[in-house]
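Notes follow once the structure below has been shown.
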Amino acid sequence: MKYEGGGLTVVQEKVREDELRALEIHVVRWTWQDLLHPERLRALLRKALALRPSR
């Protein structure tokens, strides 16, 4: 339902994510299915933490 508005909504979301990445904020996306399977969500978060640049 989130993307019923068409391509503009998707483009706006991409721009927001690009702005966050430019600030070196790592974006992690997950789905309802990931939330329903905690092991999948943990794996996604572990992978994201492993990929983030060290400071």
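Residue numbering restarts at 1 in every chain; chains get A, B, ... in the order shown in the structure tokens, and ligands count up from 1 in that same order.
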Contacts of His26 (chain A) within 8 Å, only C-alpha atoms, excl. fewer than 3 positions in-chain, as a list of chain:residue names: A:Leu20, A:Arg21, A:Ala48, A:Arg52
Would you mind exporting the chosen residues as a short mmCIF file (atom, residue, chain, number, x, y, z; two decimals), in the first residue's frame, restricted to C-alpha atoms?
data_model
loop_
_atom_site.label_atom_id
_atom_site.label_comp_id
_atom_site.auth_asym_id
_atom_site.auth_seq_id
_atom_site.Cartn_x
_atom_site.Cartn_y
_atom_site.Cartn_z
CA LEU A 20 21.24 9.68 5.06
CA ARG A 21 24.08 7.78 3.40
CA ALA A 48 24.54 -4.42 8.45
CA ARG A 52 29.35 -0.41 8.58
#
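Near region 6-18 of chain A, within a cut-off of 10 Å and counting only C-alpha atoms, sit the residues A:Leu23, A:Glu24, A:Ile25, A:His26, A:Val27, A:Val28, with same-chain residues fewer than 5 positions away left out.
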Picked from chain A by DSSP as alpha helix (DSSP H), as a PyMOL selection string: chain A and resi 7-22+32-36+38-51
Now that the selection is made, can you save its residues with C-alpha atoms as an mmCIF file, in the first residue's frame?
data_model
loop_
_atom_site.group_PDB
_atom_site.id
_atom_site.type_symbol
_atom_site.label_atom_id
_atom_site.label_comp_id
_atom_site.auth_asym_id
_atom_site.auth_seq_id
_atom_site.Cartn_x
_atom_site.Cartn_y
_atom_site.Cartn_z
ATOM 1 C CA GLY A 7 7.040 6.194 -8.876
ATOM 2 C CA LEU A 8 7.281 9.597 -7.178
ATOM 3 C CA THR A 9 7.010 8.051 -3.715
ATOM 4 C CA VAL A 10 9.781 5.572 -4.497
ATOM 5 C CA VAL A 11 12.007 8.361 -5.829
ATOM 6 C CA GLN A 12 11.386 10.499 -2.719
ATOM 7 C CA GLU A 13 12.330 7.572 -0.492
ATOM 8 C CA LYS A 14 15.503 6.953 -2.480
ATOM 9 C CA VAL A 15 16.488 10.624 -2.160
ATOM 10 C CA ARG A 16 15.965 10.453 1.635
ATOM 11 C CA GLU A 17 18.127 7.335 1.849
ATOM 12 C CA ASP A 18 20.835 8.943 -0.296
ATOM 13 C CA GLU A 19 20.840 11.955 2.037
ATOM 14 C CA LEU A 20 21.243 9.677 5.065
ATOM 15 C CA ARG A 21 24.084 7.783 3.397
ATOM 16 C CA ALA A 22 25.810 11.082 2.589
ATOM 17 C CA TRP A 32 7.153 -7.810 7.810
ATOM 18 C CA GLN A 33 8.309 -11.330 6.975
ATOM 19 C CA ASP A 34 11.680 -10.551 8.561
ATOM 20 C CA LEU A 35 9.899 -9.344 11.695
ATOM 21 C CA LEU A 36 7.877 -12.547 11.813
ATOM 22 C CA PRO A 38 13.450 -13.066 14.321
ATOM 23 C CA GLU A 39 16.415 -15.134 13.143
ATOM 24 C CA ARG A 40 16.150 -13.474 9.714
ATOM 25 C CA LEU A 41 15.982 -10.026 11.293
ATOM 26 C CA ARG A 42 18.998 -10.783 13.492
ATOM 27 C CA ALA A 43 20.941 -11.929 10.422
ATOM 28 C CA LEU A 44 20.072 -8.717 8.547
ATOM 29 C CA LEU A 45 21.156 -6.557 11.461
ATOM 30 C CA ARG A 46 24.370 -8.523 12.014
ATOM 31 C CA LYS A 47 25.248 -8.157 8.346
ATOM 32 C CA ALA A 48 24.535 -4.416 8.453
ATOM 33 C CA LEU A 49 26.709 -3.990 11.540
ATOM 34 C CA ALA A 50 29.526 -5.946 9.901
ATOM 35 C CA LEU A 51 29.380 -3.752 6.785
#
